[in-house]
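This is start.cif. It holds mmCIF, C-alpha atoms; chains and numbers go by the auth columns.
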```cif
data_coords
loop_
_atom_site.group_PDB
_atom_site.id
_atom_site.type_symbol
_atom_site.label_atom_id
_atom_site.label_comp_id
_atom_site.label_asym_id
_atom_site.label_seq_id
_atom_site.Cartn_x
_atom_site.Cartn_y
_atom_site.Cartn_z
_atom_site.B_iso_or_equiv
_atom_site.auth_seq_id
_atom_site.auth_asym_id
ATOM 1 C CA MET A 1 26.916 216.923 254.736 0.00 1 A
ATOM 2 C CA LYS A 2 30.553 216.548 255.738 0.00 2 A
ATOM 3 C CA CYS A 3 33.679 218.493 254.792 0.00 3 A
ATOM 4 C CA ILE A 4 36.996 216.658 254.898 0.00 4 A
ATOM 5 C CA ILE A 5 40.114 218.830 255.093 0.00 5 A
ATOM 6 C CA PRO A 6 43.356 216.871 254.614 0.00 6 A
ATOM 7 C CA LEU A 7 46.245 218.643 256.344 0.00 7 A
ATOM 8 C CA ALA A 8 48.662 215.714 256.648 0.00 8 A
ATOM 9 C CA GLY A 9 51.029 216.555 253.804 0.00 9 A
ATOM 10 C CA PRO A 10 54.703 217.524 253.977 0.00 10 A
ATOM 11 C CA ASP A 11 53.902 221.254 253.638 0.00 11 A
ATOM 12 C CA PHE A 12 51.768 221.374 256.816 0.00 12 A
ATOM 13 C CA TYR A 13 54.787 222.754 258.667 0.00 13 A
ATOM 14 C CA ARG A 14 57.868 224.490 257.299 0.00 14 A
ATOM 15 C CA LYS A 15 60.411 226.431 259.306 0.00 15 A
ATOM 16 C CA GLU A 16 60.084 229.322 256.830 0.00 16 A
ATOM 17 C CA TYR A 17 56.460 230.026 257.738 0.00 17 A
ATOM 18 C CA GLY A 18 55.513 227.678 260.592 0.00 18 A
ATOM 19 C CA ILE A 19 52.210 225.798 260.582 0.00 19 A
ATOM 20 C CA LYS A 20 50.721 226.567 257.186 0.00 20 A
ATOM 21 C CA PRO A 21 46.991 226.726 258.069 0.00 21 A
ATOM 22 C CA LEU A 22 47.741 228.935 261.106 0.00 22 A
ATOM 23 C CA THR A 23 49.792 231.545 259.266 0.00 23 A
ATOM 24 C CA LYS A 24 48.361 235.056 259.322 0.00 24 A
ATOM 25 C CA TYR A 25 46.299 236.094 256.320 0.00 25 A
ATOM 26 C CA ASN A 26 44.163 239.252 256.063 0.00 26 A
ATOM 27 C CA GLU A 27 44.192 239.702 259.843 0.00 27 A
ATOM 28 C CA ASP A 28 43.015 236.133 260.369 0.00 28 A
ATOM 29 C CA THR A 29 44.490 232.663 260.255 0.00 29 A
ATOM 30 C CA LEU A 30 44.688 231.217 256.780 0.00 30 A
ATOM 31 C CA ILE A 31 42.443 228.250 257.589 0.00 31 A
ATOM 32 C CA ASN A 32 39.746 230.421 259.161 0.00 32 A
ATOM 33 C CA PHE A 33 39.812 232.939 256.314 0.00 33 A
ATOM 34 C CA ILE A 34 39.368 230.204 253.707 0.00 34 A
ATOM 35 C CA LEU A 35 36.688 228.254 255.550 0.00 35 A
ATOM 36 C CA ASN A 36 34.656 231.369 256.301 0.00 36 A
ATOM 37 C CA SER A 37 34.784 232.321 252.614 0.00 37 A
ATOM 38 C CA ARG A 38 33.177 229.041 251.507 0.00 38 A
ATOM 39 C CA PRO A 39 29.431 229.532 250.878 0.00 39 A
ATOM 40 C CA TRP A 40 28.477 226.194 252.458 0.00 40 A
ATOM 41 C CA ILE A 41 30.149 227.418 255.640 0.00 41 A
ATOM 42 C CA TYR A 42 28.693 230.911 255.881 0.00 42 A
ATOM 43 C CA ASN A 43 25.271 229.590 254.771 0.00 43 A
ATOM 44 C CA LYS A 44 25.532 227.051 257.612 0.00 44 A
ATOM 45 C CA GLU A 45 25.099 224.005 255.388 0.00 45 A
ATOM 46 C CA ILE A 46 28.299 222.832 257.067 0.00 46 A
ATOM 47 C CA LEU A 47 28.516 223.274 260.836 0.00 47 A
ATOM 48 C CA ASN A 48 31.539 222.819 263.078 0.00 48 A
ATOM 49 C CA GLU A 49 30.574 219.226 263.816 0.00 49 A
ATOM 50 C CA ASP A 50 30.608 218.482 260.081 0.00 50 A
ATOM 51 C CA LEU A 51 34.281 219.427 259.698 0.00 51 A
ATOM 52 C CA ILE A 52 36.809 216.582 259.626 0.00 52 A
ATOM 53 C CA PHE A 53 40.465 217.637 259.820 0.00 53 A
ATOM 54 C CA ILE A 54 43.043 215.001 258.960 0.00 54 A
ATOM 55 C CA LEU A 55 46.449 215.534 260.563 0.00 55 A
ATOM 56 C CA ARG A 56 49.711 213.681 260.780 0.00 56 A
ATOM 57 C CA ASP A 57 50.693 212.826 264.353 0.00 57 A
ATOM 58 C CA THR A 58 53.418 215.426 264.965 0.00 58 A
ATOM 59 C CA ASN A 59 54.244 218.055 267.587 0.00 59 A
ATOM 60 C CA GLU A 60 52.929 220.757 265.266 0.00 60 A
ATOM 61 C CA SER A 61 49.639 218.946 264.752 0.00 61 A
ATOM 62 C CA ILE A 62 49.028 219.117 268.506 0.00 62 A
ATOM 63 C CA ILE A 63 49.119 222.914 268.227 0.00 63 A
ATOM 64 C CA PHE A 64 46.645 222.861 265.346 0.00 64 A
ATOM 65 C CA GLU A 65 44.378 220.425 267.181 0.00 65 A
ATOM 66 C CA ASP A 66 44.198 222.814 270.134 0.00 66 A
ATOM 67 C CA TYR A 67 43.358 225.657 267.734 0.00 67 A
ATOM 68 C CA ALA A 68 40.653 223.601 266.016 0.00 68 A
ATOM 69 C CA ASN A 69 39.059 222.593 269.324 0.00 69 A
ATOM 70 C CA LYS A 70 38.785 226.261 270.298 0.00 70 A
ATOM 71 C CA SER A 71 37.858 227.725 266.910 0.00 71 A
ATOM 72 C CA TYR A 72 35.602 224.922 265.646 0.00 72 A
ATOM 73 C CA PRO A 73 34.204 223.219 268.756 0.00 73 A
ATOM 74 C CA GLY A 74 32.630 219.917 267.856 0.00 74 A
ATOM 75 C CA SER A 75 34.790 219.406 264.775 0.00 75 A
ATOM 76 C CA LYS A 76 36.514 216.063 264.307 0.00 76 A
ATOM 77 C CA ILE A 77 40.252 215.366 264.248 0.00 77 A
ATOM 78 C CA VAL A 78 41.633 212.224 262.614 0.00 78 A
ATOM 79 C CA LYS A 79 45.353 211.570 263.060 0.00 79 A
ATOM 80 C CA ILE A 80 47.486 209.308 260.926 0.00 80 A
ATOM 81 C CA PRO A 81 51.007 208.109 261.814 0.00 81 A
ATOM 82 C CA GLU A 82 52.854 209.039 258.610 0.00 82 A
ATOM 83 C CA ILE A 83 52.616 210.683 255.215 0.00 83 A
ATOM 84 C CA THR A 84 50.407 208.687 252.866 0.00 84 A
ATOM 85 C CA GLN A 85 50.787 208.048 249.154 0.00 85 A
ATOM 86 C CA GLY A 86 48.847 211.180 248.292 0.00 86 A
ATOM 87 C CA ALA A 87 45.832 213.243 249.355 0.00 87 A
ATOM 88 C CA LEU A 88 43.378 210.650 248.055 0.00 88 A
ATOM 89 C CA MET A 89 44.749 208.037 250.443 0.00 89 A
ATOM 90 C CA THR A 90 44.795 210.550 253.301 0.00 90 A
ATOM 91 C CA VAL A 91 41.084 211.204 252.767 0.00 91 A
ATOM 92 C CA LEU A 92 40.315 207.515 253.327 0.00 92 A
ATOM 93 C CA SER A 93 41.110 207.871 257.029 0.00 93 A
ATOM 94 C CA GLY A 94 38.452 210.571 257.415 0.00 94 A
ATOM 95 C CA LEU A 95 35.747 208.479 255.801 0.00 95 A
ATOM 96 C CA SER A 96 35.840 205.994 258.664 0.00 96 A
ATOM 97 C CA ILE A 97 33.917 208.309 261.003 0.00 97 A
ATOM 98 C CA ILE A 98 31.095 209.181 258.584 0.00 98 A
ATOM 99 C CA LYS A 99 27.841 207.651 259.815 0.00 99 A
ATOM 100 C CA ASP A 100 25.315 208.890 257.234 0.00 100 A
ATOM 101 C CA PHE A 101 26.395 207.129 254.047 0.00 101 A
ATOM 102 C CA GLU A 102 23.998 209.106 251.820 0.00 102 A
ATOM 103 C CA GLU A 103 25.014 212.663 252.734 0.00 103 A
ATOM 104 C CA PRO A 104 27.228 214.696 250.369 0.00 104 A
ATOM 105 C CA ILE A 105 30.952 214.851 251.106 0.00 105 A
ATOM 106 C CA ILE A 106 33.142 217.828 250.330 0.00 106 A
ATOM 107 C CA ILE A 107 36.894 217.406 250.095 0.00 107 A
ATOM 108 C CA ASP A 108 38.529 220.807 250.424 0.00 108 A
ATOM 109 C CA LEU A 109 42.280 221.133 249.997 0.00 109 A
ATOM 110 C CA VAL A 110 41.977 224.730 251.344 0.00 110 A
ATOM 111 C CA ASP A 111 44.786 226.053 249.144 0.00 111 A
ATOM 112 C CA ILE A 112 42.764 228.263 246.762 0.00 112 A
ATOM 113 C CA ILE A 113 40.529 231.182 247.709 0.00 113 A
ATOM 114 C CA TYR A 114 37.510 231.807 245.481 0.00 114 A
ATOM 115 C CA GLU A 115 33.924 233.016 245.353 0.00 115 A
ATOM 116 C CA ILE A 116 30.886 231.396 243.725 0.00 116 A
ATOM 117 C CA LYS A 117 28.396 233.632 241.912 0.00 117 A
ATOM 118 C CA ASN A 118 24.682 232.933 242.371 0.00 118 A
ATOM 119 C CA TYR A 119 25.337 230.095 244.792 0.00 119 A
ATOM 120 C CA LYS A 120 22.280 228.150 245.962 0.00 120 A
ATOM 121 C CA SER A 121 23.169 225.120 248.053 0.00 121 A
ATOM 122 C CA ILE A 122 24.911 221.802 247.626 0.00 122 A
ATOM 123 C CA GLU A 123 21.670 219.959 248.272 0.00 123 A
ATOM 124 C CA SER A 124 19.769 221.910 245.624 0.00 124 A
ATOM 125 C CA MET A 125 22.501 221.290 243.046 0.00 125 A
ATOM 126 C CA PHE A 126 22.235 217.543 243.572 0.00 126 A
ATOM 127 C CA LEU A 127 18.433 217.654 243.564 0.00 127 A
ATOM 128 C CA GLU A 128 18.103 219.712 240.385 0.00 128 A
ATOM 129 C CA SER A 129 19.956 217.280 238.156 0.00 129 A
ATOM 130 C CA ASN A 130 21.162 213.708 238.161 0.00 130 A
ATOM 131 C CA ILE A 131 24.769 214.487 239.030 0.00 131 A
ATOM 132 C CA ASN A 132 27.188 212.558 241.191 0.00 132 A
ATOM 133 C CA ALA A 133 30.023 215.057 241.676 0.00 133 A
ATOM 134 C CA ILE A 134 30.695 218.791 241.413 0.00 134 A
ATOM 135 C CA ILE A 135 34.064 220.423 240.748 0.00 135 A
ATOM 136 C CA PRO A 136 34.570 224.182 241.168 0.00 136 A
ATOM 137 C CA TYR A 137 36.914 225.489 238.449 0.00 137 A
ATOM 138 C CA PHE A 138 38.457 228.643 237.011 0.00 138 A
ATOM 139 C CA LYS A 139 40.388 229.676 233.925 0.00 139 A
ATOM 140 C CA SER A 140 44.154 229.137 233.934 0.00 140 A
ATOM 141 C CA ASN A 141 47.033 227.634 231.977 0.00 141 A
ATOM 142 C CA GLU A 142 49.563 227.111 234.786 0.00 142 A
ATOM 143 C CA ASP A 143 50.801 223.548 235.214 0.00 143 A
ATOM 144 C CA LYS A 144 50.680 223.749 239.017 0.00 144 A
ATOM 145 C CA PHE A 145 46.922 223.056 238.916 0.00 145 A
ATOM 146 C CA SER A 146 44.769 220.064 238.013 0.00 146 A
ATOM 147 C CA TYR A 147 42.571 220.369 234.924 0.00 147 A
ATOM 148 C CA LEU A 148 39.156 219.423 233.573 0.00 148 A
ATOM 149 C CA ILE A 149 37.876 218.957 230.052 0.00 149 A
ATOM 150 C CA ILE A 150 34.301 220.266 229.838 0.00 150 A
ATOM 151 C CA ASP A 151 32.121 219.314 226.881 0.00 151 A
ATOM 152 C CA ASP A 152 29.534 221.419 225.029 0.00 152 A
ATOM 153 C CA SER A 153 26.774 220.259 227.375 0.00 153 A
ATOM 154 C CA ASN A 154 28.715 221.637 230.361 0.00 154 A
ATOM 155 C CA LYS A 155 29.737 218.279 231.774 0.00 155 A
ATOM 156 C CA VAL A 156 33.210 217.222 232.902 0.00 156 A
ATOM 157 C CA ILE A 157 34.423 214.419 230.622 0.00 157 A
ATOM 158 C CA LYS A 158 38.056 214.097 231.762 0.00 158 A
ATOM 159 C CA THR A 159 40.344 215.217 234.594 0.00 159 A
ATOM 160 C CA LYS A 160 44.135 215.227 234.868 0.00 160 A
ATOM 161 C CA GLU A 161 46.643 216.118 237.582 0.00 161 A
ATOM 162 C CA LYS A 162 49.195 218.886 236.806 0.00 162 A
ATOM 163 C CA ASP A 163 48.591 218.541 233.069 0.00 163 A
ATOM 164 C CA VAL A 164 47.130 221.470 231.113 0.00 164 A
ATOM 165 C CA ILE A 165 44.634 219.500 229.020 0.00 165 A
ATOM 166 C CA SER A 166 42.303 222.540 228.847 0.00 166 A
ATOM 167 C CA ASP A 167 42.027 226.026 230.344 0.00 167 A
ATOM 168 C CA ASN A 168 39.685 224.809 233.107 0.00 168 A
ATOM 169 C CA ALA A 169 41.671 224.489 236.335 0.00 169 A
ATOM 170 C CA SER A 170 40.314 222.759 239.422 0.00 170 A
ATOM 171 C CA ALA A 171 39.840 225.067 242.419 0.00 171 A
ATOM 172 C CA GLY A 172 40.925 222.304 244.791 0.00 172 A
ATOM 173 C CA THR A 173 37.468 221.461 246.114 0.00 173 A
ATOM 174 C CA TYR A 174 35.597 218.285 245.190 0.00 174 A
ATOM 175 C CA ILE A 175 31.983 217.555 246.100 0.00 175 A
ATOM 176 C CA PHE A 176 30.629 213.994 245.961 0.00 176 A
ATOM 177 C CA ARG A 177 26.985 212.962 246.137 0.00 177 A
ATOM 178 C CA ASN A 178 27.575 210.367 248.858 0.00 178 A
ATOM 179 C CA LEU A 179 30.071 207.958 250.346 0.00 179 A
ATOM 180 C CA SER A 180 29.651 205.227 247.726 0.00 180 A
ATOM 181 C CA THR A 181 30.321 207.729 244.929 0.00 181 A
ATOM 182 C CA LEU A 182 33.543 208.840 246.571 0.00 182 A
ATOM 183 C CA LEU A 183 34.613 205.273 247.295 0.00 183 A
ATOM 184 C CA SER A 184 34.057 204.332 243.651 0.00 184 A
ATOM 185 C CA ALA A 185 36.350 207.201 242.640 0.00 185 A
ATOM 186 C CA ILE A 186 39.010 206.025 245.091 0.00 186 A
ATOM 187 C CA ASP A 187 38.653 202.457 243.860 0.00 187 A
ATOM 188 C CA PHE A 188 39.194 203.635 240.278 0.00 188 A
ATOM 189 C CA SER A 189 42.433 205.402 241.190 0.00 189 A
ATOM 190 C CA ILE A 190 43.770 202.399 243.089 0.00 190 A
ATOM 191 C CA LYS A 191 42.990 200.063 240.187 0.00 191 A
ATOM 192 C CA ASN A 192 44.494 202.467 237.643 0.00 192 A
ATOM 193 C CA LYS A 193 47.327 203.876 239.735 0.00 193 A
ATOM 194 C CA GLU A 194 49.955 203.643 236.984 0.00 194 A
ATOM 195 C CA GLU A 195 47.763 205.810 234.768 0.00 195 A
ATOM 196 C CA VAL A 196 46.585 208.419 237.285 0.00 196 A
ATOM 197 C CA MET A 197 49.522 208.804 239.690 0.00 197 A
ATOM 198 C CA TYR A 198 51.538 212.012 239.630 0.00 198 A
ATOM 199 C CA ASN A 199 54.992 211.885 241.252 0.00 199 A
ATOM 200 C CA ASN A 200 54.025 208.466 242.590 0.00 200 A
ATOM 201 C CA LEU A 201 51.108 209.992 244.507 0.00 201 A
ATOM 202 C CA LEU A 202 47.338 209.640 244.205 0.00 202 A
ATOM 203 C CA PHE A 203 45.459 212.941 244.038 0.00 203 A
ATOM 204 C CA ILE A 204 41.756 213.747 244.248 0.00 204 A
ATOM 205 C CA CYS A 205 41.174 215.218 240.798 0.00 205 A
ATOM 206 C CA PRO A 206 42.120 212.177 238.645 0.00 206 A
ATOM 207 C CA SER A 207 39.912 209.915 240.756 0.00 207 A
ATOM 208 C CA VAL A 208 36.855 211.679 239.341 0.00 208 A
ATOM 209 C CA ASN A 209 37.525 209.866 236.067 0.00 209 A
ATOM 210 C CA GLY A 210 36.164 206.800 237.820 0.00 210 A
ATOM 211 C CA ILE A 211 32.779 208.486 238.157 0.00 211 A
ATOM 212 C CA ILE A 212 32.881 209.657 234.540 0.00 212 A
ATOM 213 C CA ASP A 213 33.717 206.121 233.360 0.00 213 A
ATOM 214 C CA GLN A 214 30.502 204.903 234.983 0.00 214 A
ATOM 215 C CA ASN A 215 28.561 207.350 232.765 0.00 215 A
ATOM 216 C CA SER A 216 27.677 209.391 235.827 0.00 216 A
ATOM 217 C CA ILE A 217 27.468 213.149 235.524 0.00 217 A
ATOM 218 C CA VAL A 218 30.216 215.361 236.931 0.00 218 A
ATOM 219 C CA GLU A 219 29.206 219.003 236.851 0.00 219 A
ATOM 220 C CA PRO A 220 31.670 221.911 236.688 0.00 220 A
ATOM 221 C CA LEU A 221 30.980 224.941 238.872 0.00 221 A
ATOM 222 C CA LYS A 222 32.673 228.134 237.740 0.00 222 A
ATOM 223 C CA VAL A 223 34.208 230.303 240.467 0.00 223 A
ATOM 224 C CA LYS A 224 35.606 233.847 240.444 0.00 224 A
ATOM 225 C CA LEU A 225 38.049 236.090 242.307 0.00 225 A
ATOM 226 C CA VAL A 226 40.486 233.225 242.536 0.00 226 A
ATOM 227 C CA LYS A 227 43.691 233.494 244.537 0.00 227 A
ATOM 228 C CA SER A 228 46.066 230.543 244.674 0.00 228 A
ATOM 229 C CA LEU A 229 47.972 230.423 247.945 0.00 229 A
ATOM 230 C CA SER A 230 51.120 228.915 246.446 0.00 230 A
ATOM 231 C CA SER A 231 52.372 232.388 245.532 0.00 231 A
ATOM 232 C CA PHE A 232 51.610 233.575 249.073 0.00 232 A
ATOM 233 C CA PHE A 233 53.889 230.928 250.555 0.00 233 A
ATOM 234 C CA HIS A 234 56.589 231.474 247.968 0.00 234 A
ATOM 235 C CA GLU A 235 56.955 234.942 249.479 0.00 235 A
ATOM 236 C CA TRP A 236 58.249 233.285 252.639 0.00 236 A
ATOM 237 C CA ILE A 237 60.934 231.226 250.943 0.00 237 A
#
```

Now that the file is in, can you turn its structure into C-alpha cells?
Amino acid sequence: MKCIIPLAGPDFYRKEYGIKPLTKYNEDTLINFILNSRPWIYNKEILNEDLIFILRDTNESIIFEDYANKSYPGSKIVKIPEITQGALMTVLSGLSIIKDFEEPIIIDLVDIIYEIKNYKSIESMFLESNINAIIPYFKSNEDKFSYLIIDDSNKVIKTKEKDVISDNASAGTYIFRNLSTLLSAIDFSIKNKEEVMYNNLLFICPSVNGIIDQNSIVEPLKVKLVKSLSSFFHEWI
C-alpha cells in the first residue's frame, strides 16, 4: 500500500507561517502530528518507504526534503517544476514510481486531523466487500470542504468540490483499491473537466464520480474528533 502526500500547492510556504507542514503543532511538526495520527501509519500498514511526498522544486522544498529524509528514512520524494492545474494533476507525478499496480493507494491532503472509531485495516475493508474506493467523512455545512451524497445503503453516490450538496464533508483523504481504479477516476475528471473543475483546478473529490459512474462501490467511512487546519493557519494571518 502506498500513501501519496501532495505538498506542491501555493500554500506550501507563506511568509506568515513559513513552510506549512513544518510549522509547530502540539509540540511536534504539523506533518508528523497528522501522519502519526493516521491509523494506517501507527498500525504499520504504511511504512516510511510507502510514503510518497510530492513537492514543487523550490528553495523551501529543499528544507522539507532534508526533514523528510531524516524523519521518514526510505520515503520517496517526487519534485515537479511548477504548480499544476490542481491536486489531482499533482498526484499523477507520484503514480509514476508505483511498482505494484494492485496495491491500494491512499491520497492524503494532510489538512484535516481526525480519528476513526473501530478501525480494522485498509486491506480488510477492501476484502470484506466489493468496493473500489473509501472516503473518510464527517458532518459539516461549511463551503470550504468537499461533499458526498450517501444513499440509504451507505454508499457514496455523488461527490462535489466546495459545494454543500449534503452534510457529509470529505476529510481530505481518499483511498483507492489499486492504480487502475485511481487512473480511471483521473481520466473521468480530465474528460469532464468543465463539469468538475473548481476555480479552474482539478481536485481529488470530484474524480470519484468516475468510479461511481462505472457502478463501482465507493464506501464512506465516518470519522470523529475532526479538526480542520484552515482555522489554525488563519491565526497566523

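Between CA of Leu22 in chain A and CA of Lys2 in chain A the separation is 21.9 Å.
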
Using only C-alpha atoms, find the one residue out of A:Cys3, A:Leu30, A:Ile134, A:Ile54 that sits nearest to Leu92 in chain A. A:Ile54

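Residues matched by the PyMOL selection byres ((chain A and resi 82-87) around 10) in this file are A:Ile5, A:Pro6, A:Leu7, A:Ala8, A:Gly9, A:Pro10, A:Leu55, A:Arg56, A:Asp57, A:Thr58, A:Lys79, A:Ile80, A:Pro81, A:Leu88, A:Met89, A:Thr90, A:Val91, A:Leu92, A:Ile107, A:Leu109, A:Met197, A:Tyr198, A:Asn199, A:Asn200, A:Leu201, A:Leu202, A:Phe203, A:Ile204, A:Cys205.
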
Nearest to Leu183 in chain A: which of A:Glu195, A:Leu95, A:Asp151, A:Lys162 is it, counting all atoms listed in the file? A:Leu95

Can you check which parts of range 133-156 of chain A lie within 7 Å of range 171-180 of chain A? Per residue, the shortest pair of atoms and distance in Å to one decimal, counting all atoms listed in the file, sorted by chain and number, as JSON lines.
```
{"residue": "A:Ala133", "atom": "CA", "partner": "A:Phe176", "partner_atom": "CA", "distance": 4.5}
{"residue": "A:Ile134", "atom": "CA", "partner": "A:Ile175", "partner_atom": "CA", "distance": 5.0}
{"residue": "A:Ile135", "atom": "CA", "partner": "A:Tyr174", "partner_atom": "CA", "distance": 5.2}
{"residue": "A:Pro136", "atom": "CA", "partner": "A:Ala171", "partner_atom": "CA", "distance": 5.5}
{"residue": "A:Tyr137", "atom": "CA", "partner": "A:Ala171", "partner_atom": "CA", "distance": 4.9}
{"residue": "A:Phe138", "atom": "CA", "partner": "A:Ala171", "partner_atom": "CA", "distance": 6.6}
```

Store the residues picked out above, limited to C-alpha atoms, as a PDB file, in the frame of the given file.
```
ATOM      1  CA  ALA A 133      30.023 215.057 241.676  1.00  0.00           C
ATOM      2  CA  ILE A 134      30.695 218.791 241.413  1.00  0.00           C
ATOM      3  CA  ILE A 135      34.064 220.423 240.748  1.00  0.00           C
ATOM      4  CA  PRO A 136      34.570 224.182 241.168  1.00  0.00           C
ATOM      5  CA  TYR A 137      36.914 225.489 238.449  1.00  0.00           C
ATOM      6  CA  PHE A 138      38.457 228.643 237.011  1.00  0.00           C
TER       7      PHE A 138
END
```

Report as a VMD selection string the full result of the PyMOL selection byres ((chain A and resi 156) around 12) when it is applied to this structure. chain A and resid 131 to 137 147 to 155 157 to 160 166 168 to 170 205 to 206 208 to 213 215 to 222

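Distances from A:Lys44, A:Phe188, A:Leu229, A:Ser75 to Thr23 in chain A were compared using only C-alpha atoms, and the smallest one belongs to A:Leu229.
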
Separation of CA of Val164 in chain A and CA of Asn141 in chain A, in Å? 6.2 Å
